[in-house]
file input-v8.txt (compact mmCIF, C-alpha atoms)
# COMPACT_ATOMS: atom_id res chain seq x y z
CA MET A 273 34.56 -135.99 61.15
CA LYS A 274 31.91 -133.37 60.32
CA ARG A 275 29.92 -133.53 57.10
CA VAL A 276 29.76 -130.03 55.58
CA VAL A 277 27.63 -128.39 52.89
CA ILE A 278 28.81 -125.04 51.49
CA LEU A 279 26.10 -122.82 50.02
CA GLY A 280 27.70 -120.11 47.90
CA SER A 281 30.92 -122.09 47.58
CA THR A 282 32.43 -119.98 44.75
CA GLY A 283 32.06 -116.59 46.47
CA SER A 284 34.68 -115.00 48.71
CA ILE A 285 33.44 -116.61 51.93
CA GLY A 286 32.71 -119.93 50.25
CA LYS A 287 36.21 -120.10 48.80
CA ALA A 288 37.68 -119.29 52.21
CA ALA A 289 35.70 -122.20 53.68
CA VAL A 290 36.98 -124.46 50.91
CA GLU A 291 40.55 -123.39 51.68
CA ILE A 292 40.15 -124.18 55.38
CA ILE A 293 38.53 -127.57 54.79
CA ALA A 294 41.02 -128.58 52.09
CA GLY A 295 43.74 -128.22 54.73
CA ALA A 296 41.81 -130.23 57.32
CA LYS A 297 40.46 -133.29 55.50
CA ASP A 298 40.82 -135.42 58.63
CA ASP A 299 38.29 -133.16 60.36
CA PHE A 300 35.76 -132.46 57.60
CA GLU A 301 34.06 -134.12 54.65
CA VAL A 302 32.44 -131.85 52.06
CA ALA A 303 29.10 -133.46 51.26
CA GLY A 304 27.60 -130.75 49.05
CA LEU A 305 28.45 -127.59 47.10
CA VAL A 306 26.10 -124.91 45.80
CA ALA A 307 27.00 -121.99 43.53
CA ARG A 308 25.14 -119.60 41.30
CA ARG A 309 27.08 -119.47 38.04
CA ASN A 310 30.88 -119.74 38.43
CA LEU A 311 31.42 -122.98 36.53
CA ASP A 312 35.23 -122.90 36.44
CA GLU A 313 35.50 -122.57 40.21
CA MET A 314 32.80 -125.18 40.78
CA GLN A 315 34.64 -127.69 38.60
CA LYS A 316 37.81 -127.17 40.63
CA GLN A 317 35.92 -127.71 43.86
CA LEU A 318 34.19 -130.85 42.59
CA GLU A 319 37.58 -132.27 41.69
CA LEU A 320 38.90 -131.35 45.13
CA PHE A 321 35.95 -132.99 46.89
CA PRO A 322 34.96 -136.02 44.75
CA GLY A 323 32.33 -137.19 47.25
CA ALA A 324 30.28 -133.99 47.09
CA VAL A 325 26.95 -133.59 45.32
CA PHE A 326 26.25 -130.15 43.82
CA SER A 327 23.65 -127.69 42.59
CA LEU A 328 23.81 -124.56 40.42
CA GLY A 329 21.55 -121.53 40.28
CA ASP A 330 19.84 -122.14 36.96
CA ARG A 331 19.24 -124.96 34.51
CA SER A 332 21.32 -123.43 31.70
CA LYS A 333 24.44 -123.31 33.89
CA LEU A 334 23.81 -126.83 35.10
CA ASN A 335 23.47 -128.05 31.51
CA GLU A 336 26.70 -126.26 30.59
CA ILE A 337 28.77 -127.91 33.30
CA LEU A 338 27.31 -131.32 32.42
CA GLU A 339 28.28 -130.78 28.78
CA ARG A 340 31.83 -130.11 29.96
CA ASP A 341 31.89 -133.27 32.07
CA PRO A 342 28.97 -135.70 31.66
CA ARG A 343 30.24 -137.77 34.60
CA LEU A 344 29.00 -135.03 36.92
CA GLY A 345 25.43 -136.03 36.07
CA LYS A 346 25.54 -138.61 38.85
CA ARG A 347 26.34 -135.87 41.37
CA GLU A 348 23.96 -133.03 40.49
CA THR A 349 20.74 -132.51 42.44
CA GLY A 350 19.05 -130.03 40.10
CA PRO A 351 19.00 -126.24 39.72
CA GLY A 352 17.66 -123.43 41.88
CA GLN A 353 15.94 -123.68 45.24
CA GLU A 354 14.56 -127.15 44.53
CA GLY A 355 18.05 -128.36 43.72
CA ILE A 356 19.40 -126.93 46.97
CA ILE A 357 16.66 -128.58 49.02
CA ALA A 358 17.35 -131.90 47.28
CA LEU A 359 21.06 -131.46 47.96
CA LEU A 360 20.46 -130.84 51.67
CA GLU A 361 18.32 -133.97 51.85
CA ALA A 362 20.99 -136.02 50.08
CA ALA A 363 23.98 -134.62 51.97
CA ARG A 364 22.64 -134.92 55.53
CA ALA A 365 25.22 -132.41 56.75
CA ASP A 366 26.31 -131.81 60.32
CA ILE A 367 26.98 -128.18 59.46
CA VAL A 368 25.82 -126.00 56.57
CA VAL A 369 27.92 -122.97 55.68
CA ASN A 370 25.39 -120.52 54.28
CA ALA A 371 27.36 -117.95 52.28
CA MET A 372 24.65 -117.27 49.72
CA VAL A 373 23.78 -113.69 48.78
CA GLY A 374 20.25 -112.41 49.23
CA ILE A 375 16.95 -113.85 50.38
CA SER A 376 17.68 -117.02 48.41
CA GLY A 377 19.54 -118.14 51.54
CA LEU A 378 16.39 -118.16 53.72
CA LEU A 379 14.66 -121.38 52.68
CA PRO A 380 17.89 -123.45 52.72
CA THR A 381 18.54 -122.25 56.28
CA VAL A 382 15.03 -123.26 57.36
CA LYS A 383 15.35 -126.66 55.66
CA ALA A 384 18.78 -127.36 57.15
CA LEU A 385 17.60 -126.46 60.66
CA GLU A 386 14.52 -128.65 60.28
CA MET A 387 16.83 -131.52 59.32
CA GLY A 388 18.96 -131.03 62.43
CA SER A 389 22.01 -129.38 60.85
CA SER A 390 23.87 -126.51 62.46
CA ILE A 391 24.32 -123.32 60.43
CA ALA A 392 27.52 -121.35 59.96
CA LEU A 393 25.63 -118.23 58.96
CA ALA A 394 27.15 -115.69 56.59
CA ASN A 395 23.84 -114.92 54.86
CA LYS A 396 22.56 -111.94 56.83
CA GLU A 397 19.30 -111.82 54.85
CA THR A 398 18.20 -114.99 56.67
CA LEU A 399 17.98 -113.15 59.99
CA VAL A 400 17.06 -109.73 58.61
CA THR A 401 13.93 -111.09 56.92
CA GLY A 402 13.21 -114.20 58.98
CA GLY A 403 14.81 -113.62 62.37
CA GLU A 404 11.68 -114.39 64.39
CA ILE A 405 11.06 -117.66 62.54
CA ILE A 406 14.70 -118.77 62.58
CA MET A 407 15.21 -118.14 66.29
CA LYS A 408 12.01 -120.04 67.09
CA LEU A 409 13.39 -123.03 65.19
CA VAL A 410 16.49 -123.04 67.40
CA SER A 411 14.83 -121.87 70.63
CA GLU A 412 15.90 -125.04 72.48
CA SER A 413 19.44 -125.01 71.05
CA PRO A 414 20.39 -121.50 69.85
CA GLU A 415 24.03 -122.60 69.53
CA ARG A 416 23.03 -124.28 66.26
CA ILE A 417 23.31 -120.83 64.63
CA VAL A 418 27.01 -119.93 64.61
CA PRO A 419 27.61 -116.44 63.17
CA VAL A 420 30.27 -115.94 60.50
CA ASP A 421 29.99 -112.15 60.24
CA SER A 422 33.11 -110.84 61.97
CA GLU A 423 31.16 -108.58 64.33
CA HIS A 424 28.76 -111.28 65.48
CA PHE A 425 31.50 -113.87 65.86
CA SER A 426 33.34 -111.31 67.94
CA LEU A 427 30.27 -110.59 70.07
CA SER A 428 29.77 -114.30 70.69
CA ARG A 429 33.29 -114.42 72.14
CA CYS A 430 32.72 -111.37 74.35
CA LEU A 431 29.35 -112.65 75.58
CA ARG A 432 30.46 -116.21 76.32
CA GLY A 433 29.91 -116.65 80.04
CA ASN A 434 29.05 -112.96 80.43
CA ILE A 435 25.65 -112.47 78.84
CA GLY A 436 23.85 -112.06 82.17
CA GLU A 437 26.26 -109.31 83.21
CA THR A 438 26.19 -107.44 79.88
CA ALA A 439 24.21 -104.20 79.61
CA GLU A 440 25.04 -103.20 76.02
CA ILE A 441 26.64 -104.63 72.90
CA ILE A 442 28.65 -102.43 70.54
CA LEU A 443 29.40 -103.10 66.87
CA THR A 444 32.29 -101.36 65.16
CA ALA A 445 32.13 -99.89 61.64
CA SER A 446 35.12 -98.99 59.48
CA GLY A 447 33.19 -96.11 57.90
CA GLY A 448 33.68 -97.57 54.42
CA PRO A 449 35.45 -95.93 51.47
CA PHE A 450 33.75 -92.55 52.01
CA TYR A 451 34.51 -92.05 55.68
CA LYS A 452 34.79 -88.30 56.49
CA ARG A 453 33.14 -87.36 53.18
CA ASP A 454 29.79 -85.58 53.15
CA ILE A 455 27.18 -88.10 51.99
CA SER A 456 25.39 -85.42 49.95
CA ARG A 457 28.51 -85.01 47.78
CA LEU A 458 28.59 -88.64 46.64
CA THR A 459 26.05 -88.33 43.85
CA ASP A 460 28.54 -89.01 41.06
CA VAL A 461 30.83 -91.59 42.66
CA THR A 462 31.61 -94.53 40.39
CA VAL A 463 31.01 -98.22 40.95
CA GLU A 464 34.77 -98.70 41.19
CA GLU A 465 35.06 -96.09 43.95
CA VAL A 466 32.21 -97.68 45.91
CA LEU A 467 33.77 -101.14 45.66
CA ASP A 468 37.15 -99.93 46.92
CA HIS A 469 36.66 -100.85 50.59
CA PRO A 470 39.61 -99.80 52.77
CA THR A 471 39.89 -102.88 55.01
CA TRP A 472 37.74 -105.80 53.82
CA ASN A 473 37.66 -107.91 50.66
CA MET A 474 33.99 -108.80 50.24
CA GLY A 475 31.44 -109.52 47.56
CA GLU A 476 30.00 -106.63 45.57
CA LYS A 477 26.59 -106.49 47.28
CA VAL A 478 28.04 -106.35 50.80
CA THR A 479 30.67 -103.80 49.74
CA VAL A 480 28.04 -101.43 48.31
CA ASP A 481 25.93 -101.80 51.45
CA SER A 482 29.01 -101.06 53.54
CA ALA A 483 29.69 -97.86 51.60
CA HIS A 484 26.23 -96.62 52.61
CA LEU A 485 26.60 -98.11 56.11
CA LEU A 486 23.26 -99.77 55.43
CA ASN A 487 25.16 -103.01 56.04
CA LYS A 488 25.82 -101.92 59.62
CA GLY A 489 22.10 -101.48 60.08
CA LEU A 490 21.55 -105.03 58.84
CA GLU A 491 24.18 -106.23 61.30
CA VAL A 492 22.38 -104.48 64.17
CA ILE A 493 19.20 -106.34 63.16
CA GLU A 494 21.14 -109.62 63.09
CA ALA A 495 22.61 -108.93 66.54
CA HIS A 496 19.14 -108.18 67.90
CA TYR A 497 17.94 -111.65 66.91
CA LEU A 498 21.13 -113.62 67.57
CA PHE A 499 21.78 -112.33 71.07
CA ASP A 500 18.26 -111.24 72.12
CA PHE A 501 19.26 -107.65 72.94
CA PRO A 502 16.73 -104.82 72.39
CA TYR A 503 17.68 -102.27 69.75
CA ASP A 504 18.23 -99.57 72.36
CA SER A 505 20.93 -101.75 73.93
CA ILE A 506 22.89 -102.10 70.67
CA ASP A 507 25.30 -99.31 69.75
CA VAL A 508 27.71 -98.61 66.86
CA VAL A 509 31.08 -96.84 66.89
CA ILE A 510 33.32 -95.88 63.95
CA HIS A 511 36.63 -97.74 64.10
CA PRO A 512 38.59 -97.25 60.84
CA GLN A 513 41.28 -99.87 61.52
CA SER A 514 38.80 -102.83 61.69
CA ILE A 515 40.86 -104.50 64.42
CA VAL A 516 38.32 -104.33 67.26
CA HIS A 517 35.24 -106.05 65.81
CA SER A 518 32.91 -105.58 68.76
CA LEU A 519 32.72 -104.60 72.40
CA THR A 520 30.38 -105.34 75.27
CA ARG A 521 29.64 -102.96 78.11
CA MET A 522 29.19 -104.73 81.42
CA LYS A 523 26.66 -103.69 84.03
CA ASP A 524 29.46 -102.09 86.06
CA GLY A 525 30.29 -99.81 83.10
CA SER A 526 33.52 -101.57 82.06
CA LEU A 527 34.13 -102.73 78.49
CA LEU A 528 35.27 -106.01 76.94
CA ALA A 529 36.73 -105.79 73.43
CA HIS A 530 37.55 -108.54 70.93
CA LEU A 531 40.46 -107.89 68.55
CA GLY A 532 41.22 -109.91 65.45
CA PRO A 533 42.60 -109.64 61.93
CA ALA A 534 40.36 -108.34 59.13
CA ASP A 535 40.14 -111.86 57.72
CA MET A 536 36.93 -113.87 57.35
CA LYS A 537 38.84 -117.12 57.80
CA LEU A 538 38.94 -116.52 61.57
CA PRO A 539 35.14 -116.56 62.13
CA LEU A 540 34.88 -119.39 59.58
CA ILE A 541 37.34 -121.59 61.49
CA ASN A 542 35.41 -120.82 64.67
CA ALA A 543 32.11 -121.81 63.06
CA LEU A 544 33.44 -125.02 61.50
CA TYR A 545 35.10 -126.26 64.70
CA TYR A 546 32.51 -124.89 67.13
CA PRO A 547 32.27 -125.50 70.09
CA SER A 548 35.98 -126.37 70.01
CA MET A 549 38.62 -123.72 69.29
CA ALA A 550 41.05 -124.48 66.46
CA GLU A 551 44.44 -122.92 65.90
CA TYR A 552 44.48 -120.00 63.46
CA PRO A 553 47.36 -120.90 61.07
CA TRP A 554 47.77 -117.49 59.44
CA LYS A 555 49.52 -114.38 60.72
CA LYS A 556 48.59 -113.44 64.27
CA LEU A 557 47.89 -109.91 65.43
CA SER A 558 50.84 -107.97 66.77
CA LEU A 559 49.89 -105.17 69.15
CA GLU A 560 53.14 -103.38 68.33
CA GLU A 561 52.32 -103.42 64.61
CA ILE A 562 48.75 -102.27 65.21
CA GLY A 563 49.79 -99.11 66.98
CA THR A 564 46.97 -96.59 67.51
CA LEU A 565 43.30 -97.56 67.47
CA ASP A 566 40.69 -94.86 66.79
CA PHE A 567 37.06 -94.82 67.95
CA ILE A 568 34.76 -92.07 66.72
CA ARG A 569 31.20 -91.30 67.74
CA PHE A 570 28.61 -92.66 65.32
CA ASP A 571 25.77 -90.29 64.42
CA ARG A 572 22.88 -92.18 62.86
CA LYS A 573 21.57 -89.05 61.16
CA GLU A 574 24.78 -88.70 59.13
CA TYR A 575 24.26 -92.10 57.48
CA PRO A 576 20.87 -92.39 55.72
CA GLY A 577 21.54 -96.02 54.78
CA PHE A 578 21.92 -97.01 58.42
CA ASP A 579 19.01 -94.80 59.43
CA ILE A 580 16.59 -96.35 56.95
CA ALA A 581 17.56 -99.85 58.09
CA MET A 582 16.76 -98.85 61.65
CA GLN A 583 13.44 -97.35 60.58
CA ALA A 584 12.51 -100.69 59.03
CA ALA A 585 13.65 -102.50 62.18
CA GLU A 586 11.44 -100.26 64.30
CA ALA A 587 8.48 -100.95 61.99
CA GLY A 588 9.20 -104.69 62.13
CA GLY A 589 7.31 -107.48 60.39
CA THR A 590 7.43 -107.48 56.60
CA ALA A 591 9.06 -104.02 56.53
CA LEU A 592 12.36 -105.86 57.02
CA THR A 593 11.74 -108.02 53.96
CA VAL A 594 10.88 -104.95 51.88
CA LEU A 595 14.07 -103.26 53.12
CA ASN A 596 16.10 -106.27 52.05
CA ALA A 597 14.44 -106.79 48.65
CA ALA A 598 14.53 -103.10 47.76
CA ASP A 599 18.20 -103.01 48.66
CA GLU A 600 18.96 -106.08 46.53
CA ILE A 601 17.22 -104.51 43.52
CA ALA A 602 18.66 -101.02 43.98
CA VAL A 603 22.22 -102.31 44.45
CA SER A 604 21.95 -104.58 41.40
CA THR A 605 20.67 -101.62 39.36
CA PHE A 606 23.53 -99.43 40.61
CA LEU A 607 26.13 -102.08 39.79
CA ALA A 608 24.64 -102.26 36.28
CA GLY A 609 25.33 -98.53 35.90
CA LYS A 610 21.65 -97.54 35.63
CA ILE A 611 21.26 -95.42 38.79
CA GLY A 612 23.53 -93.33 41.00
CA PHE A 613 24.90 -94.33 44.37
CA LEU A 614 22.57 -92.12 46.43
CA THR A 615 19.53 -93.33 44.48
CA ILE A 616 19.88 -96.68 46.23
CA ILE A 617 18.56 -95.21 49.47
CA ASP A 618 15.87 -93.21 47.63
CA TRP A 619 14.53 -96.41 46.09
CA ILE A 620 14.51 -98.25 49.42
CA ARG A 621 12.64 -95.37 51.02
CA GLU A 622 10.05 -95.37 48.21
CA ALA A 623 9.32 -99.05 48.69
CA LEU A 624 9.05 -98.77 52.47
CA ASP A 625 6.75 -95.75 52.18
CA ALA A 626 4.49 -97.68 49.77
CA HIS A 627 4.30 -100.82 51.91
CA ASP A 628 1.95 -101.54 54.80
CA PRO A 629 3.88 -103.97 56.99
CA ILE A 630 2.24 -106.95 58.65
CA ALA A 631 3.49 -109.34 61.31
CA VAL A 632 5.45 -112.36 60.07
CA ASP A 633 3.81 -115.65 61.04
CA ASP A 634 5.52 -117.97 58.57
CA VAL A 635 7.96 -118.09 55.67
CA GLU A 636 5.21 -117.43 53.14
CA ASP A 637 4.59 -113.99 54.67
CA ILE A 638 8.25 -113.19 53.99
CA LEU A 639 8.20 -114.53 50.45
CA ALA A 640 4.97 -112.65 49.67
CA ALA A 641 6.52 -109.36 50.83
CA ASP A 642 9.61 -110.11 48.76
CA ARG A 643 7.44 -110.71 45.67
CA TRP A 644 5.50 -107.50 46.35
CA THR A 645 8.72 -105.48 46.41
CA ARG A 646 10.06 -106.94 43.18
CA ARG A 647 6.71 -106.34 41.48
CA PHE A 648 6.68 -102.75 42.82
CA PHE A 649 10.04 -101.95 41.20
CA GLY A 650 9.31 -103.91 38.04
CA GLU A 651 6.19 -101.85 37.44
CA LYS A 652 7.61 -98.48 38.49
CA TYR A 653 11.07 -98.53 36.90
CA LYS A 654 11.82 -100.24 33.59
CA LYS A 655 15.55 -99.85 34.29
CA ALA A 656 15.31 -101.72 37.60
CA VAL A 657 17.36 -104.94 37.69
CA VAL A 658 14.81 -107.24 39.32
CA ILE A 659 16.38 -110.65 39.91

call {"tool": "encode", "arguments": {"input": "input-v8.txt", "output": "structure tokens"}}
result
Amino acid sequence: MKRVVILGSTGSIGKAAVEIIAGAKDDFEVAGLVARRNLDEMQKQLELFPGAVFSLGDRSKLNEILERDPRLGKRETGPGQEGIIALLEAARADIVVNAMVGISGLLPTVKALEMGSSIALANKETLVTGGEIIMKLVSESPERIVPVDSEHFSLSRCLRGNIGETAEIILTASGGPFYKRDISRLTDVTVEEVLDHPTWNMGEKVTVDSAHLLNKGLEVIEAHYLFDFPYDSIDVVIHPQSIVHSLTRMKDGSLLAHLGPADMKLPLINALYYPSMAEYPWKKLSLEEIGTLDFIRFDRKEYPGFDIAMQAAEAGGTALTVLNAADEIAVSTFLAGKIGFLTIIDWIREALDAHDPIAVDDVEDILAADRWTRRFFGEKYKKAVVI
């Protein structure tokens, strides 16, 4: 039986992990739960897993849930990052599902790896900002990082036993809700339109990033670190159906493709049971129902969100942290209705232009660059939602 901690347990991926584990209690024991602010969902999960300790994002939310049920006082480990670290120390998990949003997922990943846990990684910011540090921590056992992003899970399947014969890896992109629309004409699109993704049900931050295709740039950065492929050996293709999640091109020119449903429970089951393969209990793919699959050339210049992510990747070092922090702030400000959709990329570009990147030697370099970015926006724009 594996002991599991779920970071971000009340979000879409966290709830999917809860659903899987609740149906497999002979295989898993939930030792810890972490959420930001969804008290109703957290209470349900604590009832479902009575042996789990828990942490919430801030003291006021923690106090509120303890007022509702004082008995939970024996199970809380405190608020914020300190509470998460205390939870990881108390839980001693075999596997940590990191489904947190933002750079707040970095330190818990580092702590869990230092304690010997494996990571089911759905927090892309961990690798975008700290890829060099994280991969050094697992250099002797890289299998301790099991990707939950559908594309990276898919790549891991294609590469298994084939990595030495693979010349190129290819990520697919649905194109988002504005596929085939001129990016310059999206100035006045609403939050609701941006969040209406055609194939995936994701959290708000990831959905906004996907609409810009900046998210695909972040996924390329993740793939670079996870699979140790240079950026010029990682390609992207538009695939609106989201059935083929990745491909690999072999040295002989042939392609391997991995097909799966647009359902995050598949990579989650893989990560939880890894290295074993568990049965997927939901509807299987039917090739007859799928019908036609389309693949369209991806032009980086047509997608400024993707392009700016790649510019940061090429700069390297703390530029990647500034990219991530600026995106977090700009997306939060857009979701609050204070800036337009296209302004997100303008703000990211401003921060990158103002920053002189340095090499990343330790976590503090990353956190310092993150603080610099938040201070930059806080001083420049009063309307900026700096969290």

call {"tool": "residues_around", "arguments": {"input": "input-v8.txt", "residues": "range 398-405 of chain A", "least_positions_apart": "4", "cutoff": "9 Å", "atoms": "only C-alpha atoms", "output": "PyMOL selection string"}}
result
chain A and resi 374-379+381-382+393-394+409+490-491+493-494+496-498+585+589-596+632-635+638

call {"tool": "write_last_selection", "arguments": {"input": "input-v8.txt", "atoms": "C-alpha atoms", "output": "PDB file, keeping the file's coordinate frame"}}
result
ATOM      1  CA  GLY A 374      20.250-112.410  49.230  1.00  0.00           C
ATOM      2  CA  ILE A 375      16.950-113.850  50.380  1.00  0.00           C
ATOM      3  CA  SER A 376      17.680-117.020  48.410  1.00  0.00           C
ATOM      4  CA  GLY A 377      19.540-118.140  51.540  1.00  0.00           C
ATOM      5  CA  LEU A 378      16.390-118.160  53.720  1.00  0.00           C
ATOM      6  CA  LEU A 379      14.660-121.380  52.680  1.00  0.00           C
ATOM      7  CA  THR A 381      18.540-122.250  56.280  1.00  0.00           C
ATOM      8  CA  VAL A 382      15.030-123.260  57.360  1.00  0.00           C
ATOM      9  CA  LEU A 393      25.630-118.230  58.960  1.00  0.00           C
ATOM     10  CA  ALA A 394      27.150-115.690  56.590  1.00  0.00           C
ATOM     11  CA  LEU A 409      13.390-123.030  65.190  1.00  0.00           C
ATOM     12  CA  LEU A 490      21.550-105.030  58.840  1.00  0.00           C
ATOM     13  CA  GLU A 491      24.180-106.230  61.300  1.00  0.00           C
ATOM     14  CA  ILE A 493      19.200-106.340  63.160  1.00  0.00           C
ATOM     15  CA  GLU A 494      21.140-109.620  63.090  1.00  0.00           C
ATOM     16  CA  HIS A 496      19.140-108.180  67.900  1.00  0.00           C
ATOM     17  CA  TYR A 497      17.940-111.650  66.910  1.00  0.00           C
ATOM     18  CA  LEU A 498      21.130-113.620  67.570  1.00  0.00           C
ATOM     19  CA  ALA A 585      13.650-102.500  62.180  1.00  0.00           C
ATOM     20  CA  GLY A 589       7.310-107.480  60.390  1.00  0.00           C
ATOM     21  CA  THR A 590       7.430-107.480  56.600  1.00  0.00           C
ATOM     22  CA  ALA A 591       9.060-104.020  56.530  1.00  0.00           C
ATOM     23  CA  LEU A 592      12.360-105.860  57.020  1.00  0.00           C
ATOM     24  CA  THR A 593      11.740-108.020  53.960  1.00  0.00           C
ATOM     25  CA  VAL A 594      10.880-104.950  51.880  1.00  0.00           C
ATOM     26  CA  LEU A 595      14.070-103.260  53.120  1.00  0.00           C
ATOM     27  CA  ASN A 596      16.100-106.270  52.050  1.00  0.00           C
ATOM     28  CA  VAL A 632       5.450-112.360  60.070  1.00  0.00           C
ATOM     29  CA  ASP A 633       3.810-115.650  61.040  1.00  0.00           C
ATOM     30  CA  ASP A 634       5.520-117.970  58.570  1.00  0.00           C
ATOM     31  CA  VAL A 635       7.960-118.090  55.670  1.00  0.00           C
ATOM     32  CA  ILE A 638       8.250-113.190  53.990  1.00  0.00           C
TER      33      ILE A 638
END

call {"tool": "closest_residue", "arguments": {"input": "input-v8.txt", "among": "A:Val478, A:Val290, A:Val306, A:Pro547", "to": "Ile417 in chain A", "atoms": "all atoms listed in the file"}}
result
A:Pro547

call {"tool": "atom_distance", "arguments": {"input": "input-v8.txt", "atom1": "CA of Ala483 in chain A", "atom2": "CA of Asp579 in chain A"}}
result
13.6 Å

call {"tool": "residues_around", "arguments": {"input": "input-v8.txt", "residues": "range 331-334 of chain A", "least_positions_apart": "6", "cutoff": "9 Å", "atoms": "all atoms listed in the file", "output": "list of chain:residue names"}}
result
A:Arg308, A:Arg309, A:Asn310, A:Leu311, A:Glu348, A:Gly350, A:Pro351, A:Gly352

call {"tool": "residues_around", "arguments": {"input": "input-v8.txt", "residues": "Lys654 in chain A", "least_positions_apart": "6", "cutoff": "12 Å", "atoms": "all atoms listed in the file", "output": "tab-separated table (two decimals) with C-alpha atoms, keeping the file's coordinate frame"}}
result
chain	number	residue	atom	x	y	z
A	605	THR	CA	20.67	-101.62	39.36
A	610	LYS	CA	21.65	-97.54	35.63
A	611	ILE	CA	21.26	-95.42	38.79
A	646	ARG	CA	10.06	-106.94	43.18
A	647	ARG	CA	6.71	-106.34	41.48
A	648	PHE	CA	6.68	-102.75	42.82

call {"tool": "axis_aligned_box", "arguments": {"input": "input-v8.txt", "around": "range 464-478 of chain A", "padding_each_side": "4 Å", "output": "AutoDock Vina command-line options"}}
result
--center_x 33.2 --center_y -102.8 --center_z 48.1 --size_x 21.3 --size_y 21.4 --size_z 21.8

call {"tool": "closest_residue", "arguments": {"input": "input-v8.txt", "among": "A:Leu538, A:Ile617, A:Ala640, A:Val516", "to": "Glu600 in chain A", "atoms": "all atoms listed in the file"}}
result
A:Ile617

call {"tool": "closest_residue", "arguments": {"input": "input-v8.txt", "among": "A:Lys477, A:Ser426, A:Ala602, A:Asp535", "to": "Gly650 in chain A", "atoms": "all atoms listed in the file"}}
result
A:Ala602

call {"tool": "atom_distance", "arguments": {"input": "input-v8.txt", "atom1": "CA of His469 in chain A", "atom2": "CA of Leu531 in chain A"}}
result
19.7 Å

call {"tool": "closest_residue", "arguments": {"input": "input-v8.txt", "among": "A:Glu464, A:Glu361, A:Asp298, A:Asp524", "to": "Phe326 in chain A", "atoms": "only C-alpha atoms"}}
result
A:Glu361

call {"tool": "atom_distance", "arguments": {"input": "input-v8.txt", "atom1": "CA of Phe501 in chain A", "atom2": "CA of Leu527 in chain A"}}
result
16.6 Å

call {"tool": "closest_residue", "arguments": {"input": "input-v8.txt", "among": "A:Ile278, A:Val410, A:Gly388, A:Met474", "to": "Val368 in chain A", "atoms": "only C-alpha atoms"}}
result
A:Ile278

call {"tool": "residues_around", "arguments": {"input": "input-v8.txt", "residues": "Lys287 in chain A", "least_positions_apart": "6", "cutoff": "12 Å", "atoms": "only C-alpha atoms", "output": "VMD selection string"}}
result
chain A and resid 278 to 281 293 to 294 305 to 307 310 313 to 314 316 to 317 369 371 to 372 474 to 475 536 to 537 540

call {"tool": "closest_residue", "arguments": {"input": "input-v8.txt", "among": "A:Ile568, A:Val508, A:Asp500, A:Pro322", "to": "Lys408 in chain A", "atoms": "all atoms listed in the file"}}
result
A:Asp500

call {"tool": "residues_around", "arguments": {"input": "input-v8.txt", "residues": "range 625-628 of chain A", "least_positions_apart": "2", "cutoff": "12 Å", "atoms": "all atoms listed in the file", "output": "list of chain:residue names"}}
result
A:Ile580, A:Gln583, A:Ala584, A:Ala587, A:Gly588, A:Gly589, A:Thr590, A:Ala591, A:Leu592, A:Thr593, A:Val594, A:Leu595, A:Ala598, A:Asp618, A:Trp619, A:Ile620, A:Arg621, A:Glu622, A:Ala623, A:Ile630, A:Ala631, A:Ala641, A:Asp642, A:Trp644, A:Thr645, A:Phe648, A:Phe649, A:Lys652

call {"tool": "write_last_selection", "arguments": {"input": "input-v8.txt", "atoms": "C-alpha atoms", "output": "PDB file, keeping the file's coordinate frame"}}
result
ATOM      1  CA  ILE A 580      16.590 -96.350  56.950  1.00  0.00           C
ATOM      2  CA  GLN A 583      13.440 -97.350  60.580  1.00  0.00           C
ATOM      3  CA  ALA A 584      12.510-100.690  59.030  1.00  0.00           C
ATOM      4  CA  ALA A 587       8.480-100.950  61.990  1.00  0.00           C
ATOM      5  CA  GLY A 588       9.200-104.690  62.130  1.00  0.00           C
ATOM      6  CA  GLY A 589       7.310-107.480  60.390  1.00  0.00           C
ATOM      7  CA  THR A 590       7.430-107.480  56.600  1.00  0.00           C
ATOM      8  CA  ALA A 591       9.060-104.020  56.530  1.00  0.00           C
ATOM      9  CA  LEU A 592      12.360-105.860  57.020  1.00  0.00           C
ATOM     10  CA  THR A 593      11.740-108.020  53.960  1.00  0.00           C
ATOM     11  CA  VAL A 594      10.880-104.950  51.880  1.00  0.00           C
ATOM     12  CA  LEU A 595      14.070-103.260  53.120  1.00  0.00           C
ATOM     13  CA  ALA A 598      14.530-103.100  47.760  1.00  0.00           C
ATOM     14  CA  ASP A 618      15.870 -93.210  47.630  1.00  0.00           C
ATOM     15  CA  TRP A 619      14.530 -96.410  46.090  1.00  0.00           C
ATOM     16  CA  ILE A 620      14.510 -98.250  49.420  1.00  0.00           C
ATOM     17  CA  ARG A 621      12.640 -95.370  51.020  1.00  0.00           C
ATOM     18  CA  GLU A 622      10.050 -95.370  48.210  1.00  0.00           C
ATOM     19  CA  ALA A 623       9.320 -99.050  48.690  1.00  0.00           C
ATOM     20  CA  ILE A 630       2.240-106.950  58.650  1.00  0.00           C
ATOM     21  CA  ALA A 631       3.490-109.340  61.310  1.00  0.00           C
ATOM     22  CA  ALA A 641       6.520-109.360  50.830  1.00  0.00           C
ATOM     23  CA  ASP A 642       9.610-110.110  48.760  1.00  0.00           C
ATOM     24  CA  TRP A 644       5.500-107.500  46.350  1.00  0.00           C
ATOM     25  CA  THR A 645       8.720-105.480  46.410  1.00  0.00           C
ATOM     26  CA  PHE A 648       6.680-102.750  42.820  1.00  0.00           C
ATOM     27  CA  PHE A 649      10.040-101.950  41.200  1.00  0.00           C
ATOM     28  CA  LYS A 652       7.610 -98.480  38.490  1.00  0.00           C
TER      29      LYS A 652
END
